[in-house]
Amino acid sequence: MKVLVIGSGAREHALCRSLSLDPDVTALHCAPGNAGIAEVAELHQVDALDGAAVSALAARLGADLVVVGPEAPLVAGVADAVRDAGIPVFGPSKEAAQLEGSKAFAKDVMAGAGVPTARSYVCTTPDEAADALDAFGAPYVVKDDGLAAGKGVVVTDDIEAAKAHAGACKQVVIEEYLDGPEVSLFAVTDGVTVLPLQPAQDFKRALDGDAGPNTGGMGAYSPLPWADPKLVDEVTQSVLQPTVDELRRRGTPFSGLLYAGLAITSRGVRVIEFNARFGDPETQVVLARLKTPLAGVLMAAATGDLADLEPLRWSDDAAVTVVVASHNYPGTPRTGDPITGLDEIAAQDAPHAYVLHAGTKREGDATVSAGGRVLSVTATGEDLTEARDRAYRAVARIRLDGFQHRTDIAAEAAEAARTA
């Protein structure tokens, strides 16, 4: 099977790494890719938002399957162009991808499907936003209705900061604050059958102790030893399957990866948000534990054959990923700094720990930073304690001027599991 992956982040590196280990994959391509992906796939230059260009590349390569990684190409309709060219594609249509592209659309779908979520208001004027903020009170939750690269949500006790964020957006969704721990649950779907993966937890805030601004994610871990063993089945039945059924009923079937961001509240599970693709950094730890070859799973979703797939097989090991970010992330990150120490990780920590590239590029013989989140260091172990020890040992080998990372990824969960 020849596979083409579209994207250039750590999520796409994780996908490419898993696909490169799949014996059914005979050729692996990625566009545009990054310095790390180049080690496992052949790279091609393409405008990831140009559906015609992507489908033309897939046809030229003779791709049997195209995997569209990021949200922006999905919302732009790239999967539609590939599908129209007669090539199987893993990723929802432009219309179905509005589940991530518009918070208001997602709320409407959830209402139609009877999916539990936070009460909310869609606001287009400062007066409407002020009234909604007053109705819910602090903490204030203000979400840009459109795509914002993981930075469109403000959760704050500061009413002026909440109003300022609302005022900077064309349309916002203001909703009640949901208490309780957050969980990410992915599901592969062909538009009818829903196949849940293993849950993970990520860390959105930039600093230890969940302090600092929201980011695209600073780390993640899986499994969740504290979670109810029935959680996956419950969410599949109350959230994932009803959402897929509702989208199909509307004539916009969702095929690809449905990501549910959940809050485990005192009143039960509530949906915080949906994404229409694999989430970053949760993908890194979920795929690290998946034993079933990935290509067949993605192809079954793309061709409507998920119901015939054998049950997924999972490792009992734990996985932890720690994001290494540029100086000043998530503000205006500094780029162009050389990155060293990666060879040491490959030599001394593999196969239990490895590096997935996000914002990197090659300059001559050097790898340099090229974005806010630069690397994801992922490690596995018999339990969370061993996995996080291995991850942080590898992080300590990295040399990147001014880089930052959280030191508490999975720490609380590991300690709780150790003392249970």
# chains A, B, ... in the order shown; residues from 1 in each chain; ligands from 1
>>> select_by_dssp(residues="region 5-137 of chain A", states="alpha helix (DSSP H)", output="JSON, numbers by chain")
{"A": [10, 11, 12, 13, 14, 15, 16, 17, 18, 19, 20, 51, 52, 53, 54, 55, 56, 57, 58, 59, 60, 61, 71, 72, 73, 74, 75, 78, 79, 80, 81, 82, 83, 84, 98, 99, 100, 101, 103, 104, 105, 106, 107, 108, 109, 110, 111, 112, 113, 126, 127, 128, 129, 130, 131, 132, 133, 134, 135, 136]}
>>> residues_around(residues="Asp280 (chain A)", least_positions_apart="3", cutoff="7 Å", atoms="only C-alpha atoms", output="PyMOL selection string")
chain A and resi 11+217+283
>>> write_last_selection(atoms="C-alpha atoms", output="PDB file, in the first residue's frame")
ATOM      1  CA  ARG A  11       1.020  14.558  14.788  1.00  0.00           C
ATOM      2  CA  GLY A 217      -0.640  21.270  24.088  1.00  0.00           C
ATOM      3  CA  THR A 283      -1.767  11.240  19.031  1.00  0.00           C
TER       4      THR A 283
END
>>> closest_residue(among="A:Pro293, A:Pro70, A:Gly112, A:Gly33", to="Ser18 (chain A)", atoms="only C-alpha atoms")
A:Pro293
>>> select_by_dssp(residues="region 282-357 of chain A", states="strand (DSSP E)", output="number ranges by chain")
A: 318-325, 338-339, 353-357
>>> closest_residue(among="A:Pro351, A:Gly146, A:Pro116, A:Gly402", to="Val324 (chain A)", atoms="only C-alpha atoms")
A:Gly402
>>> residues_around(residues="Ala35 (chain A)", least_positions_apart="5", cutoff="7 Å", atoms="only C-alpha atoms", output="ChimeraX atom specification")
/A:357,360-362,367
>>> residues_around(residues="Asn275 (chain A)", least_positions_apart="6", cutoff="7 Å", atoms="only C-alpha atoms", output="ChimeraX atom specification")
/A:99-100,258-260
